[in-house]
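Visitor: Have a peek at start_37.pdb (PDB, C-alpha atoms).
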ATOM      1  CA  MET A 515     157.089 156.280 154.342
ATOM      2  CA  PRO A 516     158.007 153.335 152.060
ATOM      3  CA  PRO A 517     155.528 152.202 149.402
ATOM      4  CA  LYS A 518     153.140 149.412 150.349
ATOM      5  CA  ARG A 519     154.045 145.952 149.224
ATOM      6  CA  LYS A 520     151.638 143.744 147.401
ATOM      7  CA  ALA A 521     150.485 140.720 149.331
ATOM      8  CA  PRO A 522     152.127 137.494 148.182
ATOM      9  CA  THR A 523     149.997 135.471 145.775
ATOM     10  CA  GLY A 524     150.657 132.221 147.621
ATOM     11  CA  GLY A 525     151.523 130.196 144.567
ATOM     12  CA  THR A 526     151.392 130.031 140.816
ATOM     13  CA  ALA A 527     148.795 131.613 138.576
ATOM     14  CA  ASP A 528     146.986 128.244 138.429
ATOM     15  CA  SER A 529     146.262 128.256 142.165
ATOM     16  CA  THR A 530     144.891 131.797 142.392
ATOM     17  CA  PRO A 531     141.158 132.004 142.974
ATOM     18  CA  LYS A 532     140.507 134.371 140.070
ATOM     19  CA  GLU A 533     141.301 132.743 136.764
ATOM     20  CA  ARG A 534     141.388 134.768 133.572
ATOM     21  CA  GLN A 535     138.997 133.847 130.821
ATOM     22  CA  SER A 536     140.631 132.768 127.606
ATOM     23  CA  LYS A 537     139.471 134.142 124.282
ATOM     24  CA  LEU A 538     137.716 130.831 123.657
ATOM     25  CA  ALA A 539     135.870 131.002 126.988
ATOM     26  CA  LYS A 540     134.773 134.572 126.261
ATOM     27  CA  GLU A 541     133.548 133.575 122.788
ATOM     28  CA  HIS A 542     131.326 130.898 124.275
ATOM     29  CA  GLY A 543     130.241 132.787 127.390
ATOM     30  CA  ILE A 544     131.726 130.391 129.924
ATOM     31  CA  SER A 545     133.852 131.095 132.965
ATOM     32  CA  ALA A 546     137.534 130.254 133.230
ATOM     33  CA  ARG A 547     136.618 127.558 135.773
ATOM     34  CA  GLU A 548     134.102 125.978 133.389
ATOM     35  CA  GLU A 549     136.655 126.011 130.589
ATOM     36  CA  ARG A 550     139.235 124.411 132.881
ATOM     37  CA  GLU A 551     136.756 121.642 133.747
ATOM     38  CA  ILE A 552     135.995 121.088 130.058
ATOM     39  CA  LYS A 553     139.730 120.965 129.301
ATOM     40  CA  GLU A 554     140.292 118.413 132.085
ATOM     41  CA  ALA A 555     137.475 116.193 130.792
ATOM     42  CA  PHE A 556     138.826 116.504 127.244
ATOM     43  CA  ALA A 557     142.337 115.625 128.451
ATOM     44  CA  LEU A 558     141.065 112.383 130.022
ATOM     45  CA  PHE A 559     140.446 110.980 126.541
ATOM     46  CA  ALA A 560     142.787 113.113 124.393
ATOM     47  CA  GLU A 561     145.314 111.674 121.975
ATOM     48  CA  PRO A 562     148.115 113.709 120.394
ATOM     49  CA  ALA A 563     147.482 114.954 116.861
ATOM     50  CA  ASP A 564     149.462 117.088 114.416
ATOM     51  CA  GLY A 565     148.291 120.681 114.390
ATOM     52  CA  GLU A 566     146.096 120.261 117.479
ATOM     53  CA  LYS A 567     147.587 121.838 120.611
ATOM     54  CA  GLU A 568     145.156 120.065 122.953
ATOM     55  CA  GLY A 569     145.064 116.882 120.887
ATOM     56  CA  VAL A 570     141.880 115.151 119.755
ATOM     57  CA  ILE A 571     139.493 112.701 121.336
ATOM     58  CA  PRO A 572     138.012 109.688 119.606
ATOM     59  CA  ALA A 573     134.394 110.327 118.622
ATOM     60  CA  LYS A 574     133.383 107.256 120.624
ATOM     61  CA  ASP A 575     134.657 108.995 123.802
ATOM     62  CA  VAL A 576     132.747 112.271 123.336
ATOM     63  CA  ARG A 577     129.799 111.025 125.380
ATOM     64  CA  ARG A 578     132.079 109.720 128.139
ATOM     65  CA  ALA A 579     133.877 113.074 128.340
ATOM     66  CA  MET A 580     130.566 114.922 128.563
ATOM     67  CA  VAL A 581     129.317 112.550 131.260
ATOM     68  CA  ALA A 582     132.545 113.214 133.182
ATOM     69  CA  LEU A 583     131.585 116.901 133.067
ATOM     70  CA  GLY A 584     128.096 116.195 134.362
ATOM     71  CA  LEU A 585     126.617 117.121 130.959
ATOM     72  CA  PRO A 586     125.372 113.796 129.616
ATOM     73  CA  PRO A 587     123.892 114.246 126.139
ATOM     74  CA  THR A 588     120.700 112.528 125.063
ATOM     75  CA  LYS A 589     121.005 110.154 122.094
ATOM     76  CA  PRO A 590     119.649 112.728 119.614
ATOM     77  CA  GLU A 591     121.943 115.415 121.061
ATOM     78  CA  LEU A 592     124.954 113.107 120.836
ATOM     79  CA  LYS A 593     124.183 112.350 117.198
ATOM     80  CA  GLU A 594     123.914 116.072 116.436
ATOM     81  CA  PHE A 595     127.081 116.872 118.403
ATOM     82  CA  LEU A 596     129.066 114.203 116.577
ATOM     83  CA  GLU A 597     127.934 115.656 113.249
ATOM     84  CA  ILE A 598     129.278 119.022 114.414
ATOM     85  CA  LEU A 599     132.463 117.675 115.990
ATOM     86  CA  ASP A 600     133.354 115.221 113.238
ATOM     87  CA  PRO A 601     131.656 116.357 110.012
ATOM     88  CA  ASP A 602     134.041 114.341 107.815
ATOM     89  CA  ASP A 603     133.453 111.177 109.868
ATOM     90  CA  GLU A 604     137.168 110.780 110.640
ATOM     91  CA  GLY A 605     136.463 109.434 114.109
ATOM     92  CA  TYR A 606     138.020 112.300 116.076
ATOM     93  CA  ALA A 607     136.909 115.566 117.674
ATOM     94  CA  SER A 608     139.149 118.556 118.297
ATOM     95  CA  TYR A 609     139.177 120.758 121.380
ATOM     96  CA  GLU A 610     137.575 124.021 120.212
ATOM     97  CA  PRO A 611     134.370 122.465 118.824
ATOM     98  CA  PHE A 612     134.175 120.297 121.949
ATOM     99  CA  VAL A 613     134.276 123.444 124.106
ATOM    100  CA  ALA A 614     131.512 124.918 121.951
ATOM    101  CA  ILE A 615     129.111 121.997 122.443
ATOM    102  CA  CYS A 616     129.888 121.774 126.156
ATOM    103  CA  ALA A 617     129.214 125.510 126.465
ATOM    104  CA  LEU A 618     125.847 124.946 124.752
ATOM    105  CA  LYS A 619     124.989 122.244 127.277
ATOM    106  CA  LEU A 620     126.126 124.450 130.170
ATOM    107  CA  HIS A 621     123.954 127.316 128.938
ATOM    108  CA  ALA A 622     120.985 124.988 128.426
ATOM    109  CA  ARG A 623     121.389 123.748 131.992
ATOM    110  CA  ASP A 624     121.735 127.301 133.339
ATOM    111  CA  ASP A 625     118.721 128.457 131.320
ATOM    112  CA  GLY A 626     116.557 125.758 132.816
ATOM    113  CA  GLY A 627     117.525 123.103 130.290
ATOM    114  CA  GLY A 628     116.722 120.548 132.949
ATOM    115  CA  PRO A 629     113.174 119.570 133.625
ATOM    116  CA  ALA A 630     110.496 122.085 132.823
ATOM    117  CA  SER A 631     108.756 123.460 135.875
ATOM    118  CA  ASP A 632     105.555 121.647 134.945
ATOM    119  CA  GLU A 633     107.449 118.310 134.780
ATOM    120  CA  VAL A 634     108.726 118.806 138.317
ATOM    121  CA  ASP A 635     105.259 119.880 139.455
ATOM    122  CA  GLU A 636     103.721 116.776 137.899
ATOM    123  CA  ALA A 637     106.267 114.441 139.500
ATOM    124  CA  PHE A 638     105.826 116.144 142.880
ATOM    125  CA  ARG A 639     102.044 115.898 142.496
ATOM    126  CA  LEU A 640     102.333 112.149 141.815
ATOM    127  CA  PHE A 641     104.013 111.750 145.199
ATOM    128  CA  THR A 642     101.840 114.151 147.176
ATOM    129  CA  THR A 643      98.347 113.309 145.920
ATOM    130  CA  GLY A 644      96.480 110.485 147.551
ATOM    131  CA  ALA A 645      94.446 107.824 145.828
ATOM    132  CA  GLY A 646      91.543 110.296 145.907
ATOM    133  CA  GLY A 647      93.530 112.778 143.760
ATOM    134  CA  GLY A 648      93.890 115.558 146.330
ATOM    135  CA  SER A 649      95.812 118.762 145.690
ATOM    136  CA  GLY A 650      99.570 118.474 145.309
ATOM    137  CA  GLY A 651     100.286 122.086 144.458
ATOM    138  CA  GLY A 652     100.579 125.257 146.478
ATOM    139  CA  GLY A 653     102.274 124.771 149.827
ATOM    140  CA  ALA A 654     102.122 120.975 149.738
ATOM    141  CA  VAL A 655     104.904 118.934 151.288
ATOM    142  CA  LEU A 656     105.876 115.341 150.731
ATOM    143  CA  THR A 657     105.324 113.485 154.004
ATOM    144  CA  LEU A 658     106.106 110.098 155.469
ATOM    145  CA  ALA A 659     102.515 109.040 154.730
ATOM    146  CA  HIS A 660     102.987 109.951 151.049
ATOM    147  CA  LEU A 661     106.166 107.878 150.812
ATOM    148  CA  LYS A 662     104.472 104.919 152.510
ATOM    149  CA  ARG A 663     101.578 105.158 150.033
ATOM    150  CA  VAL A 664     103.954 105.269 147.055
ATOM    151  CA  ALA A 665     105.930 102.288 148.379
ATOM    152  CA  MET A 666     102.701 100.335 148.908
ATOM    153  CA  THR A 667     101.449 101.254 145.417
ATOM    154  CA  LEU A 668     104.725 100.010 143.929
ATOM    155  CA  LYS A 669     104.464  96.862 146.064
ATOM    156  CA  GLN A 670     107.781  97.653 147.741
ATOM    157  CA  ASP A 671     108.390  96.660 151.345
ATOM    158  CA  VAL A 672     110.371  99.652 152.628
ATOM    159  CA  ASP A 673     111.283 100.048 156.294
ATOM    160  CA  ASP A 674     109.803 103.141 157.989
ATOM    161  CA  GLN A 675     113.235 104.170 159.236
ATOM    162  CA  LEU A 676     114.546 104.240 155.658
ATOM    163  CA  LEU A 677     111.629 106.438 154.604
ATOM    164  CA  LYS A 678     112.295 108.766 157.547
ATOM    165  CA  ASP A 679     115.977 108.930 156.606
ATOM    166  CA  MET A 680     114.994 109.807 153.034
ATOM    167  CA  ILE A 681     112.916 112.749 154.278
ATOM    168  CA  LEU A 682     115.683 113.950 156.589
ATOM    169  CA  GLU A 683     118.232 113.724 153.787
ATOM    170  CA  ALA A 684     115.975 115.705 151.457
ATOM    171  CA  ASN A 685     115.052 118.464 153.910
ATOM    172  CA  GLY A 686     118.515 118.883 155.382
ATOM    173  CA  GLY A 687     117.598 117.333 158.726
ATOM    174  CA  ALA A 688     114.764 119.756 159.469
ATOM    175  CA  GLY A 689     112.687 116.904 160.874
ATOM    176  CA  VAL A 690     110.458 114.140 159.577
ATOM    177  CA  GLY A 691     107.345 116.132 160.464
ATOM    178  CA  LYS A 692     108.461 119.052 158.262
ATOM    179  CA  GLY A 693     108.282 116.886 155.142
ATOM    180  CA  VAL A 694     109.900 117.770 151.826
ATOM    181  CA  ASP A 695     108.847 120.810 149.813
ATOM    182  CA  ARG A 696     108.885 121.028 146.025
ATOM    183  CA  ALA A 697     112.326 122.698 145.776
ATOM    184  CA  GLN A 698     113.882 120.061 148.033
ATOM    185  CA  PHE A 699     112.159 117.347 146.013
ATOM    186  CA  GLU A 700     113.609 118.735 142.775
ATOM    187  CA  GLU A 701     117.104 118.915 144.276
ATOM    188  CA  VAL A 702     116.930 115.299 145.493
ATOM    189  CA  MET A 703     115.723 114.134 142.085
ATOM    190  CA  ARG A 704     118.616 115.990 140.408
ATOM    191  CA  ARG A 705     121.149 114.415 142.765
ATOM    192  CA  ALA A 706     119.596 111.018 142.095
ATOM    193  CA  GLY A 707     120.057 111.560 138.369
ATOM    194  CA  ALA A 708     116.384 111.816 137.439
ATOM    195  CA  TRP A 709     117.057 115.274 135.995
ATOM    196  CA  LYS A 710     120.248 117.090 135.069
TER
END
For the file at hand, write its structure as structure tokens.
Guide:
Amino acid sequence: MPPKRKAPTGGTADSTPKERQSKLAKEHGISAREEREIKEAFALFAEPADGEKEGVIPAKDVRRAMVALGLPPTKPELKEFLEILDPDDEGYASYEPFVAICALKLHARDDGGGPASDEVDEAFRLFTTGAGGGSGGGGAVLTLAHLKRVAMTLKQDVDDQLLKDMILEANGGAGVGKGVDRAQFEEVMRRAGAWK
């Protein structure tokens, strides 16, 4: 019986689903996919430079590159990152330090670097408690009545159908009567950009 043949890969190494981690990715504890995304964002703003394989990016574009990655730095973080990336104040950042700071942001996000649980709870409670200050914790859900109350409090004239659509969008179409639980609320707020 002849030996079995290996299945064709279907393309180049770049199109295979399993990418190999580079030494740099391993050093910073990021996946090959995450490193590829960082490299793509870096390349958007990169300029050629002697001795820099990947080039350099102007310091003024560091924030834009990080935003392109979905890792927008706060103003204090950006200041700190620029001190790390460009300690001599030359106006440029090289690739390896850029990977390092992006990896830090990725790890912070993965480790719950977004909103603290109590921040989400407090925001959810603001929506779900009535004027009387009822309970917003436990198994509470955000309902159409809650959204109407919030809109009225903010003196916003919002159509009921829009409020219903908001609930359906947040709960994946489970129904207006099902409301929005805390986890769904957090996800909607992340997508809206309230938290990263």
Visitor: Just so the selection is clear, what residues does the PyMOL selection byres ((chain A and resi 607) around 6) cover here, as a list of chain:residue names?
Guide: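 Applied to this file, the PyMOL selection byres ((chain A and resi 607) around 6) selects A:Val570, A:Ile571, A:Ala573, A:Leu599, A:Asp600, A:Tyr606, A:Ser608.
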Visitor: Find the residues around range 575-582 of chain A up to 7 Å (all atoms listed in the file counted), leave out those fewer than 5 positions away in its own chain, and share them as a list in words.
Guide: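 Close residues of range 575-582 of chain A: Ala555, Phe556, Phe559, Pro587 and Leu592 of chain A.
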Visitor: Using Å and a single decimal, report how far CA of His660 in chain A sits from CA of Thr643 in chain A.
Guide: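 Computing it gives 7.7 Å between the two atoms.
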Visitor: At a cut-off of 12 Å, using all atoms listed in the file, what residues contact Lys540 in chain A? Leave out same-chain residues fewer than 6 positions from it and give the result as a ChimeraX atom specification.
Guide: /A:534,546-549,613-614,617
Visitor: Selection in question (the file shown): the PyMOL selection byres ((chain A and resi 685) around 10). Which residues does it include, as a list in words?
Guide: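 Checked against the file, the PyMOL selection byres ((chain A and resi 685) around 10) matches Asp679, Met680, Ile681, Leu682, Glu683, Ala684, Gly686, Gly687, Ala688, Gly689, Val690, Lys692, Gly693, Val694, Asp695, Ala697, Gln698, Phe699, Glu701 and Val702 of chain A.
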Visitor: With C-alpha atoms retained, could you export that selection as a PDB file, in the coordinates of the input?
Guide:
ATOM      1  CA  ASP A 679     115.977 108.930 156.606  1.00  0.00           C
ATOM      2  CA  MET A 680     114.994 109.807 153.034  1.00  0.00           C
ATOM      3  CA  ILE A 681     112.916 112.749 154.278  1.00  0.00           C
ATOM      4  CA  LEU A 682     115.683 113.950 156.589  1.00  0.00           C
ATOM      5  CA  GLU A 683     118.232 113.724 153.787  1.00  0.00           C
ATOM      6  CA  ALA A 684     115.975 115.705 151.457  1.00  0.00           C
ATOM      7  CA  GLY A 686     118.515 118.883 155.382  1.00  0.00           C
ATOM      8  CA  GLY A 687     117.598 117.333 158.726  1.00  0.00           C
ATOM      9  CA  ALA A 688     114.764 119.756 159.469  1.00  0.00           C
ATOM     10  CA  GLY A 689     112.687 116.904 160.874  1.00  0.00           C
ATOM     11  CA  VAL A 690     110.458 114.140 159.577  1.00  0.00           C
ATOM     12  CA  LYS A 692     108.461 119.052 158.262  1.00  0.00           C
ATOM     13  CA  GLY A 693     108.282 116.886 155.142  1.00  0.00           C
ATOM     14  CA  VAL A 694     109.900 117.770 151.826  1.00  0.00           C
ATOM     15  CA  ASP A 695     108.847 120.810 149.813  1.00  0.00           C
ATOM     16  CA  ALA A 697     112.326 122.698 145.776  1.00  0.00           C
ATOM     17  CA  GLN A 698     113.882 120.061 148.033  1.00  0.00           C
ATOM     18  CA  PHE A 699     112.159 117.347 146.013  1.00  0.00           C
ATOM     19  CA  GLU A 701     117.104 118.915 144.276  1.00  0.00           C
ATOM     20  CA  VAL A 702     116.930 115.299 145.493  1.00  0.00           C
TER      21      VAL A 702
END
Visitor: In Å, rounded to a single decimal, give me how far CA of Leu661 in chain A is from CA of Asp673 in chain A.
Guide: 10.8 Å
Visitor: With distances taken over only C-alpha atoms, which of A:Arg663, A:Lys574, A:Lys678, A:Lys619 is nearest to Leu596 in chain A?
Guide: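 Closest to Leu596 in chain A of all the choices is A:Lys574.
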Visitor: Counting all atoms listed in the file, which of A:Gln675, A:Leu558, A:Ser545, A:Gln670 gets nearest to Leu658 in chain A?
Guide: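 Closest residue, counting all atoms listed in the file: A:Gln675.
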Visitor: In Å, rounded to a single decimal, give me how far CA of Thr642 in chain A is from CA of Arg704 in chain A.
Guide: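 Between these atoms lies a distance of 18.2 Å.
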Visitor: My list of candidates is A:Glu610, A:Asp603, A:Glu561, A:Glu566. Which is closest to Leu538 in chain A when distances are computed with all atoms listed in the file?
Guide: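 For Leu538 in chain A, the nearest of the given residues is A:Glu610.
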Visitor: For each of A:Leu583, A:Ala637, A:Ala665, A:Met703, take the minimum atom-to-atom distance to Phe612 in chain A, counting all atoms listed in the file, then give the residue where this is smallest.
Guide: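 Smallest distance to Phe612 in chain A is found for A:Leu583.
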Visitor: Taking the partial coordinates given, rebuild range 603-619 of chain A to contain N, CA, C and O atoms; return it as a PDB file, in the frame of the given file.
Guide:
ATOM      1  N   ASP A 603     133.517 112.555 109.379  1.00  0.00           N
ATOM      2  CA  ASP A 603     133.453 111.177 109.868  1.00  0.00           C
ATOM      3  C   ASP A 603     134.837 110.529 109.939  1.00  0.00           C
ATOM      4  O   ASP A 603     135.023 109.388 109.547  1.00  0.00           O
ATOM      5  N   GLU A 604     135.806 111.287 110.486  1.00  0.00           N
ATOM      6  CA  GLU A 604     137.168 110.780 110.640  1.00  0.00           C
ATOM      7  C   GLU A 604     137.351 110.018 111.949  1.00  0.00           C
ATOM      8  O   GLU A 604     138.377 109.376 112.158  1.00  0.00           O
ATOM      9  N   GLY A 605     136.386 110.161 112.849  1.00  0.00           N
ATOM     10  CA  GLY A 605     136.463 109.434 114.109  1.00  0.00           C
ATOM     11  C   GLY A 605     137.104 110.212 115.245  1.00  0.00           C
ATOM     12  O   GLY A 605     137.353 109.642 116.305  1.00  0.00           O
ATOM     13  N   TYR A 606     137.376 111.502 115.038  1.00  0.00           N
ATOM     14  CA  TYR A 606     138.020 112.300 116.076  1.00  0.00           C
ATOM     15  C   TYR A 606     137.364 113.669 116.194  1.00  0.00           C
ATOM     16  O   TYR A 606     136.838 114.190 115.220  1.00  0.00           O
ATOM     17  N   ALA A 607     137.435 114.222 117.417  1.00  0.00           N
ATOM     18  CA  ALA A 607     136.909 115.566 117.674  1.00  0.00           C
ATOM     19  C   ALA A 607     138.030 116.417 118.249  1.00  0.00           C
ATOM     20  O   ALA A 607     138.777 115.961 119.109  1.00  0.00           O
ATOM     21  N   SER A 608     138.119 117.664 117.777  1.00  0.00           N
ATOM     22  CA  SER A 608     139.149 118.556 118.297  1.00  0.00           C
ATOM     23  C   SER A 608     138.602 119.386 119.457  1.00  0.00           C
ATOM     24  O   SER A 608     137.396 119.414 119.720  1.00  0.00           O
ATOM     25  N   TYR A 609     139.500 120.076 120.129  1.00  0.00           N
ATOM     26  CA  TYR A 609     139.177 120.758 121.380  1.00  0.00           C
ATOM     27  C   TYR A 609     138.181 121.904 121.225  1.00  0.00           C
ATOM     28  O   TYR A 609     137.195 121.973 121.953  1.00  0.00           O
ATOM     29  N   GLU A 610     138.427 122.830 120.308  1.00  0.00           N
ATOM     30  CA  GLU A 610     137.575 124.021 120.212  1.00  0.00           C
ATOM     31  C   GLU A 610     136.106 123.688 119.949  1.00  0.00           C
ATOM     32  O   GLU A 610     135.230 124.213 120.633  1.00  0.00           O
ATOM     33  N   PRO A 611     135.790 122.818 118.999  1.00  0.00           N
ATOM     34  CA  PRO A 611     134.370 122.465 118.824  1.00  0.00           C
ATOM     35  C   PRO A 611     133.786 121.746 120.049  1.00  0.00           C
ATOM     36  O   PRO A 611     132.618 121.905 120.373  1.00  0.00           O
ATOM     37  N   PHE A 612     134.637 120.979 120.739  1.00  0.00           N
ATOM     38  CA  PHE A 612     134.175 120.297 121.949  1.00  0.00           C
ATOM     39  C   PHE A 612     133.791 121.317 123.016  1.00  0.00           C
ATOM     40  O   PHE A 612     132.763 121.188 123.683  1.00  0.00           O
ATOM     41  N   VAL A 613     134.601 122.365 123.166  1.00  0.00           N
ATOM     42  CA  VAL A 613     134.276 123.444 124.106  1.00  0.00           C
ATOM     43  C   VAL A 613     132.938 124.073 123.720  1.00  0.00           C
ATOM     44  O   VAL A 613     132.096 124.347 124.581  1.00  0.00           O
ATOM     45  N   ALA A 614     132.741 124.276 122.430  1.00  0.00           N
ATOM     46  CA  ALA A 614     131.512 124.918 121.951  1.00  0.00           C
ATOM     47  C   ALA A 614     130.272 124.108 122.333  1.00  0.00           C
ATOM     48  O   ALA A 614     129.287 124.670 122.834  1.00  0.00           O
ATOM     49  N   ILE A 615     130.302 122.794 122.122  1.00  0.00           N
ATOM     50  CA  ILE A 615     129.111 121.997 122.443  1.00  0.00           C
ATOM     51  C   ILE A 615     128.915 121.884 123.957  1.00  0.00           C
ATOM     52  O   ILE A 615     127.785 121.884 124.432  1.00  0.00           O
ATOM     53  N   CYS A 616     130.016 121.819 124.693  1.00  0.00           N
ATOM     54  CA  CYS A 616     129.888 121.774 126.156  1.00  0.00           C
ATOM     55  C   CYS A 616     129.322 123.095 126.680  1.00  0.00           C
ATOM     56  O   CYS A 616     128.516 123.104 127.605  1.00  0.00           O
ATOM     57  N   ALA A 617     129.744 124.202 126.073  1.00  0.00           N
ATOM     58  CA  ALA A 617     129.214 125.510 126.465  1.00  0.00           C
ATOM     59  C   ALA A 617     127.707 125.561 126.192  1.00  0.00           C
ATOM     60  O   ALA A 617     126.941 126.088 127.011  1.00  0.00           O
ATOM     61  N   LEU A 618     127.280 124.998 125.059  1.00  0.00           N
ATOM     62  CA  LEU A 618     125.847 124.946 124.752  1.00  0.00           C
ATOM     63  C   LEU A 618     125.086 124.184 125.838  1.00  0.00           C
ATOM     64  O   LEU A 618     124.027 124.607 126.284  1.00  0.00           O
ATOM     65  N   LYS A 619     125.640 123.044 126.236  1.00  0.00           N
ATOM     66  CA  LYS A 619     124.989 122.244 127.277  1.00  0.00           C
ATOM     67  C   LYS A 619     124.980 122.987 128.610  1.00  0.00           C
ATOM     68  O   LYS A 619     123.984 122.944 129.339  1.00  0.00           O
TER      69      LYS A 619
END
